[in-house]
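A.B. asks: A single structure is presented below for examination.
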Amino acid sequence: MQTSKKYKTTCCYCGVGCGIVVTDTGNGRIHVEGDKDHPVNKGMLCSKGMNLHYTVNDKSDRLLYPQMRMNRSMPMQQVSWDAALERTAAIFKAFIAKYGPDSVGLYVSGQCLTEEYYLWNKLMKGFIGSNNIDTNSRLCMSSAVVAYKLSLGEDAVPVCYDDIEASDCILVEGANPTWCHPILWRRIEAHRAANPDLKIITVDPRRTQTATSSDLHLQLNPGTDVTLNYAIARVLIENNWIDNKFIVNHTDGFGEFRTKIFERTLDESALICGVSVKDIQKAAYWIAKAKGFLSMWTMGLNQSVIGVNKNLSLINLSLITGKIGKPGNGPFSLTGQPNAMGGREVGGLANMLASHRDILNPQHRAEMETFWGGTTISDKMGLTATEMFKGLESDKLKAIWIACTNPMVSLPDAKMAEMALKNARFVVVQDISNKADTIRFADVVLPAAAWTEKEGTMTNAERRVSYLHKVSEAPGETLPDAEIICRFAEKMGWGDKFSYKNFGEIYEEYTRTTAGTNIDVTGVSYDLLKQHTVQWPYPAKAAQSKGTPRLFEDHRFYTANQRAKIHAVSDENESEKTSEDFPLILLTGRIRDQWHTMTKTGRVNKLKQHIPVPFLEIHPNDARSRGIENEAVVEIKGKRGSVKVKARTTDEVKEGNCFLPMHWGRILDNDFGRANNLTNNLIDPKSKEPDFKYSAVEVVRYQKP
Ligand code: SF4
């Protein structure tokens, strides 16, 4: 008789980080339910989490063994792990010898576990000697990272989910948590049911479900968030609804900021933003009167050519009102991916080193060089996500290794990304699925173990570190990503530095890099995490507690002088300009039941029932003037490409705007609805995050050729 076993682990979809109980039924299948004891979700799961088992139980598209080919006109051949990794190592070594270490790159993912992220970075920065490693997290939260560092001195989310229940005003800006962070939204709704005085303000160019569930919707024009936040700040200052004592004692920059925001009148700002003065005043009043003011944001602020400025302008509202470091208060960046936070902890961006060290800081480089005992760490910033693909296109980058991500659908200007991979001299793809879009460009394909087939850790949006149990054996010859990296390092000649008895040893090595830093987790181990989750910092001496739920309770920030910085940035938008040919602004975003590029959720029939096909939301007036009826097939045209989908006429978008979901468009499915055919290559100059949510397009009724 088959016996079933239960394991506690963490949902692998979004940054909320819900706890789940996985039952291994003993016949190669699993069942998933919410973990009632988990502090994040208390047993609740959203539609994606509830259906997670389907993505694991269906193994029909799994990559089962390494493959390679000598050129791309040949079919892939099954090979041994040794053969695949020896060839990869030989080609990497040859490029490095001929063109230098910056001729190779790694592009990884916010879905990777912390241990994997750590090893990728150690390999690339500490041994290959290049900083050309970046992650798809660059596409979703790098603007928040930069803004937290500039304002609070560290990429450190100051709040926790329990602050939801302690707040009485929540400002949601550029986020749709009812669909994209559903369990957080359920906590907000439960809080509202118990506290009818709670005010929820949503700032979004679209009338999303979050907006309709709010007490106030500021439906601003795209790209005007900084102007709006400045207008709210102006009302707060004019009415003396600010905390002068906090400003004087704990911040710098207020004078310059005050001058900046008074450059525009309230009427002028309201006109630019397309919202009423009355609503701006109402929002400011609710923020001022709240004992607990929480702001929450995601991609609407981050995915912008002025993403850092948008973030800073929102964080300023917490700083000028002194509403930070207290229960129910603070600026909360809602991470998108499950381990975007963990990746940053170990230095998973092209500008970082382990434990939030900076590549450009000589002391930080020296510390990690000594710790790793490898090569000299380069003092050059590595190529970021979009820069890496541009590098391939121009042949500056010769080889790329892509792990656990689908750039053919997720990168902006996807046709450019496609061209870049065609041009690349050598491409390694490490994935779990034989349907990965990048495989058609691959020279070597490495089969990876899936989420339940390996152990490791992740950190959610509130700095909560969780342990993920291995539940079942990986099929075929698939290996955990961490083991693949170590085997490759051995082929490169660094086996002794990548030799670990178990995954816990990798994590323990990482924790030692955190000693004395703001993200100290020297008190954390697998043994501890198997008992309960912890929130960093968690130094060894704090080992009796569950960590640090809230930062800055002493109002000492992580800046050099321990004062937070109020920034007076420009409020001008730098996005692609609309024109006579392309007069509409295209917004992109997510839908409730799909995740990223649908490589997992797209395989679950139940999740297709909500919205089965891509669509374009267009305002009825814009549709009418173009002769487009509801449900008509339209072609969305931009400077870089086009997309054909059915139109949905709705006043949920403003006139002059239209909206296309970002999930569809696998090239294997013939480019169906790929939003990134239309998005542009503009990036924020400080965070290098792309401007996904603002591209100039035209929409016409589709005429069959
Ligand atoms: Fe998973 Fe996020 Fe849903 Fe929680 S909210 S169940 S972490 S997808």
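Naming works like this for the structure tokens: A, B, ... for the chains as they're shown, residue 1 at the start of each chain, ligands 1 onward in shown order.
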Report as CSV: every residue of chain A with an atom at most 6 Å from ligand 1, its closest pair of atoms, and their distance in Å to one decimal, counting only C-alpha atoms and all ligand atoms, with rows sorted by chain and ascending residue number.

C.D. replies:
```
residue,atom,partner,partner_atom_place_in_ligand_line,distance
A:Cys11,CA,ligand 1,1 (Fe),4.6
A:Tyr13,CA,ligand 1,8 (S),4.6
A:Cys14,CA,ligand 1,2 (Fe),4.0
A:Val16,CA,ligand 1,7 (S),4.6
A:Gly17,CA,ligand 1,7 (S),4.2
A:Cys18,CA,ligand 1,4 (Fe),4.3
A:Leu45,CA,ligand 1,6 (S),4.2
A:Cys46,CA,ligand 1,3 (Fe),4.2
A:Lys48,CA,ligand 1,8 (S),5.2
A:Gly49,CA,ligand 1,6 (S),3.7
A:His181,CA,ligand 1,5 (S),4.9
A:Pro182,CA,ligand 1,5 (S),4.9
A:Ile183,CA,ligand 1,5 (S),4.6
```

A.B. asks: Taking C-alpha atoms for each residue, export the selection above as a compact mmCIF listing (two decimals), in the first residue's frame.

C.D. replies:
```
# COMPACT_ATOMS: atom_id res chain seq x y z
CA CYS A 11 4.12 28.69 -2.79
CA TYR A 13 4.42 31.87 -7.53
CA CYS A 14 4.44 35.35 -6.05
CA VAL A 16 3.43 37.16 -0.96
CA GLY A 17 5.09 33.89 0.09
CA CYS A 18 2.11 31.85 1.31
CA LEU A 45 -4.56 30.32 -1.00
CA CYS A 46 -5.43 32.18 -4.18
CA LYS A 48 -2.95 30.04 -8.59
CA GLY A 49 -1.69 28.59 -5.32
CA HIS A 181 -1.33 39.74 -4.51
CA PRO A 182 -4.71 38.18 -3.66
CA ILE A 183 -3.91 36.89 -0.19
```

A.B. asks: Could you list, as a VMD selection string, every residue within 10 Å of Ser151 of chain A, counting only C-alpha atoms and ignoring same-chain residues fewer than 6 positions away?

C.D. replies: chain A and resid 251 to 252 311 to 312 315 to 316 319 557 to 559 563 to 567

A.B. asks: Provide the atom CA of Ala385 of chain A to atom CA of Asp691 of chain A distance in Å, to one decimal place.

C.D. replies: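 Atom CA of Ala385 of chain A sits 13.0 Å away from atom CA of Asp691 of chain A.
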
A.B. asks: What's the separation between atom CA of Ser575 of chain A and atom CA of Leu682 of chain A, in Å to one decimal place?

C.D. replies: 7.3 Å

A.B. asks: Excluding Arg69 of chain A and its own-chain neighbours fewer than 5 positions away, which residues fall within 7 Å of it when counting only C-alpha atoms? Please give them as an MDAnalysis selection string.

C.D. replies: chainID A and resid 74:77 443:444

A.B. asks: Under the rule of at most 10 Å, produce a per-residue listing of segment 190-251 of chain A near segment 579-598 of chain A: chain, number, name, the closest pair of atoms, and the distance in Å, as CSV, using only C-alpha atoms.

C.D. replies:
```
residue,atom,partner,partner_atom,distance
A:Pro205,CA,A:Leu587,CA,8.8
A:Arg206,CA,A:Leu587,CA,9.0
A:Asn221,CA,A:Ile585,CA,9.8
A:Pro222,CA,A:Ile585,CA,8.0
```

A.B. asks: May I ask which of the residues A:Lys541, A:Arg556, A:Lys199, A:Arg264 is the closest one to Ala288 of chain A, counting only C-alpha atoms?

C.D. replies: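 Checking each candidate against Ala288 of chain A, we get A:Lys199 as the closest.
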
A.B. asks: For Leu52 of chain A, work out the shell of residues within 9 Å, counting only C-alpha atoms and skipping chain neighbours fewer than 5 positions away, then give it as a PyMOL selection string.

C.D. replies: chain A and resi 11-13+31-32+47+57+600-601+604

A.B. asks: DSSP on the backbone, then: every residue of segment 484-520 of chain A marked helix (DSSP H, G or I), written as a list in words.

C.D. replies: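 Restricting segment 484-520 of chain A to helix (DSSP H, G or I) produces Ile484, Ile485, Cys486, Arg487, Phe488, Ala489, Glu490, Lys491, Met492, Gly495, Asp496, Lys497, Phe498, Phe503, Gly504, Glu505, Ile506, Tyr507, Glu508, Glu509, Tyr510, Thr511, Arg512 and Thr513 of chain A.
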
A.B. asks: Listing only residues of segment 226-343 of chain A within 10 Å of segment 144-147 of chain A, what is the closest atom pair and its distance in Å (to one decimal) for each, using only C-alpha atoms, sorted by chain and residue number ascending, as a tab-separated table?

C.D. replies:
```
residue	atom	partner	partner_atom	distance
A:Trp297	CA	A:Ala144	CA	9.1
A:Thr298	CA	A:Ala144	CA	8.4
A:Met299	CA	A:Ala144	CA	9.5
A:Leu301	CA	A:Ala144	CA	8.4
A:Asn302	CA	A:Ala144	CA	6.3
A:Gln303	CA	A:Ala144	CA	9.7
A:Gly307	CA	A:Ala144	CA	7.7
A:Val308	CA	A:Ala147	CA	5.4
A:Asn309	CA	A:Ala147	CA	7.6
A:Lys310	CA	A:Ala147	CA	8.8
A:Asn311	CA	A:Ala147	CA	5.9
A:Leu312	CA	A:Ala147	CA	5.5
A:Ser313	CA	A:Ala147	CA	9.3
A:Leu314	CA	A:Ala147	CA	9.8
A:Ile315	CA	A:Ala147	CA	8.2
A:Phe332	CA	A:Ala144	CA	9.5
A:Ser333	CA	A:Ala144	CA	6.6
A:Leu334	CA	A:Ala144	CA	9.4
A:Thr335	CA	A:Ala144	CA	9.1
A:Met341	CA	A:Val145	CA	9.6
```

A.B. asks: At a cut-off of 9 Å, using only C-alpha atoms, what residues contact Cys404 of chain A? Leave out same-chain residues fewer than 5 positions from it and give the result as a PyMOL selection string.

C.D. replies: chain A and resi 107-112+429-432+448

A.B. asks: I need the chosen residues saved as a PDB file, in the first residue's frame, with N, CA and C atoms.

C.D. replies:
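Listed below is the output, again26.pdb:
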```
ATOM      1  N   TYR A 107      21.860  34.879 -17.256  1.00  0.00           N
ATOM      2  CA  TYR A 107      20.577  35.552 -17.049  1.00  0.00           C
ATOM      3  C   TYR A 107      19.678  34.603 -16.265  1.00  0.00           C
ATOM      4  N   VAL A 108      19.403  34.954 -15.009  1.00  0.00           N
ATOM      5  CA  VAL A 108      18.692  34.042 -14.120  1.00  0.00           C
ATOM      6  C   VAL A 108      17.339  34.623 -13.711  1.00  0.00           C
ATOM      7  N   SER A 109      16.806  34.200 -12.565  1.00  0.00           N
ATOM      8  CA  SER A 109      15.380  34.442 -12.331  1.00  0.00           C
ATOM      9  C   SER A 109      15.039  34.622 -10.863  1.00  0.00           C
ATOM     10  N   GLY A 110      14.019  35.428 -10.614  1.00  0.00           N
ATOM     11  CA  GLY A 110      13.478  35.605  -9.269  1.00  0.00           C
ATOM     12  C   GLY A 110      12.745  34.371  -8.770  1.00  0.00           C
ATOM     13  N   GLN A 111      12.672  33.331  -9.612  1.00  0.00           N
ATOM     14  CA  GLN A 111      12.098  32.054  -9.181  1.00  0.00           C
ATOM     15  C   GLN A 111      13.183  31.136  -8.624  1.00  0.00           C
ATOM     16  N   CYS A 112      14.460  31.501  -8.837  1.00  0.00           N
ATOM     17  CA  CYS A 112      15.549  30.663  -8.313  1.00  0.00           C
ATOM     18  C   CYS A 112      15.559  30.728  -6.788  1.00  0.00           C
ATOM     19  N   VAL A 429      20.551  26.802 -22.207  1.00  0.00           N
ATOM     20  CA  VAL A 429      19.229  26.986 -21.601  1.00  0.00           C
ATOM     21  C   VAL A 429      19.049  25.932 -20.508  1.00  0.00           C
ATOM     22  N   GLN A 430      18.764  26.389 -19.304  1.00  0.00           N
ATOM     23  CA  GLN A 430      18.529  25.502 -18.163  1.00  0.00           C
ATOM     24  C   GLN A 430      17.085  25.701 -17.747  1.00  0.00           C
ATOM     25  N   ASP A 431      16.283  24.651 -17.865  1.00  0.00           N
ATOM     26  CA  ASP A 431      14.845  24.824 -17.644  1.00  0.00           C
ATOM     27  C   ASP A 431      14.259  23.494 -17.218  1.00  0.00           C
ATOM     28  N   ILE A 432      12.960  23.522 -16.885  1.00  0.00           N
ATOM     29  CA  ILE A 432      12.307  22.246 -16.564  1.00  0.00           C
ATOM     30  C   ILE A 432      11.459  21.743 -17.735  1.00  0.00           C
ATOM     31  N   ALA A 448      16.469  20.857 -15.447  1.00  0.00           N
ATOM     32  CA  ALA A 448      16.534  21.215 -14.024  1.00  0.00           C
ATOM     33  C   ALA A 448      15.405  20.556 -13.245  1.00  0.00           C
TER      34      ALA A 448
END
```

A.B. asks: Write out as a PDB file with C-alpha atoms, in the first residue's frame which residues come within 9 Å of Asn680 of chain A when counting only C-alpha atoms, dropping same-chain ones fewer than 6 positions away.

C.D. replies:
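Result file is out26.pdb:
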```pdb
ATOM      1  CA  PRO A 412      10.580  44.464 -23.681  1.00  0.00           C
ATOM      2  CA  ASP A 413      10.895  44.766 -27.456  1.00  0.00           C
ATOM      3  CA  ALA A 414      10.732  40.976 -27.690  1.00  0.00           C
ATOM      4  CA  GLU A 576       8.044  57.218 -25.580  1.00  0.00           C
ATOM      5  CA  LYS A 639       7.098  51.209 -33.935  1.00  0.00           C
ATOM      6  CA  ARG A 640       8.597  47.783 -33.222  1.00  0.00           C
ATOM      7  CA  PRO A 690      12.228  48.885 -18.532  1.00  0.00           C
ATOM      8  CA  ASP A 691       9.306  51.182 -19.307  1.00  0.00           C
ATOM      9  CA  PHE A 692       6.792  48.353 -19.821  1.00  0.00           C
ATOM     10  CA  TYR A 694       3.957  53.209 -21.522  1.00  0.00           C
ATOM     11  CA  SER A 695       4.363  52.643 -25.279  1.00  0.00           C
ATOM     12  CA  ALA A 696       2.924  54.604 -28.187  1.00  0.00           C
TER      13      ALA A 696
END
```

A.B. asks: Any chance you could list, as an MDAnalysis selection string, the residues in segment 36-157 of chain A that come up strand (DSSP E or B) when DSSP is run on the backbone?

C.D. replies: chainID A and resid 62 67:68 77:78 104:108 133:135

A.B. asks: What does the file look like for those residues with C-alpha atoms, as a PDB file, in the first residue's frame?

C.D. replies:
```
ATOM      1  CA  ARG A  62       9.533  17.834 -18.698  1.00  0.00           C
ATOM      2  CA  GLN A  67      20.996  17.696 -24.848  1.00  0.00           C
ATOM      3  CA  MET A  68      23.272  19.538 -27.226  1.00  0.00           C
ATOM      4  CA  GLN A  77      21.023  14.975 -29.231  1.00  0.00           C
ATOM      5  CA  GLN A  78      20.771  13.418 -25.795  1.00  0.00           C
ATOM      6  CA  VAL A 104      29.995  35.741 -21.241  1.00  0.00           C
ATOM      7  CA  GLY A 105      26.823  36.312 -19.224  1.00  0.00           C
ATOM      8  CA  LEU A 106      24.249  34.623 -17.021  1.00  0.00           C
ATOM      9  CA  TYR A 107      20.577  35.552 -17.049  1.00  0.00           C
ATOM     10  CA  VAL A 108      18.692  34.042 -14.120  1.00  0.00           C
ATOM     11  CA  ILE A 133      24.870  38.308 -14.225  1.00  0.00           C
ATOM     12  CA  ASP A 134      21.406  39.727 -13.984  1.00  0.00           C
ATOM     13  CA  THR A 135      17.938  38.430 -13.347  1.00  0.00           C
TER      14      THR A 135
END
```

A.B. asks: Contacts between segment 508-516 of chain A and segment 307-384 of chain A, please, where a residue of segment 307-384 of chain A counts if it comes within 12 Å (with only C-alpha atoms); show its shortest atom pair and distance in Å to one decimal, rows by chain and ascending number, as CSV.

C.D. replies:
```
residue,atom,partner,partner_atom,distance
A:Gly342,CA,A:Tyr510,CA,11.0
A:Gly343,CA,A:Tyr510,CA,11.5
A:Glu345,CA,A:Thr514,CA,8.8
A:Val346,CA,A:Tyr510,CA,7.1
A:Gly347,CA,A:Tyr510,CA,10.4
A:Leu353,CA,A:Thr513,CA,9.9
A:Ala354,CA,A:Thr513,CA,6.7
A:Ser355,CA,A:Thr514,CA,5.2
A:His356,CA,A:Thr514,CA,8.6
A:Arg357,CA,A:Thr514,CA,9.5
A:His364,CA,A:Thr513,CA,10.8
A:Glu367,CA,A:Thr513,CA,8.9
A:Met368,CA,A:Thr513,CA,7.9
A:Glu369,CA,A:Thr513,CA,11.3
A:Thr370,CA,A:Thr513,CA,10.8
A:Phe371,CA,A:Thr513,CA,7.7
A:Trp372,CA,A:Thr513,CA,9.7
```

A.B. asks: How about saving the chosen residues, C-alpha atoms kept, as a compact mmCIF listing (two decimals), in the first residue's frame?

C.D. replies:
```
# COMPACT_ATOMS: atom_id res chain seq x y z
CA GLY A 342 16.30 36.46 -1.59
CA GLY A 343 18.09 37.04 -4.88
CA GLU A 345 20.22 39.36 -0.47
CA VAL A 346 22.91 37.27 -2.14
CA GLY A 347 23.80 39.97 -4.70
CA LEU A 353 27.54 41.57 -4.31
CA ALA A 354 26.43 39.27 -1.51
CA SER A 355 24.61 40.80 1.49
CA HIS A 356 23.67 43.99 -0.37
CA ARG A 357 27.29 44.93 -1.03
CA HIS A 364 32.92 45.55 -0.56
CA GLU A 367 35.63 41.67 1.42
CA MET A 368 34.04 39.25 -1.03
CA GLU A 369 37.33 38.50 -2.81
CA THR A 370 38.82 37.46 0.53
CA PHE A 371 35.71 35.50 1.47
CA TRP A 372 35.50 33.57 -1.79
```
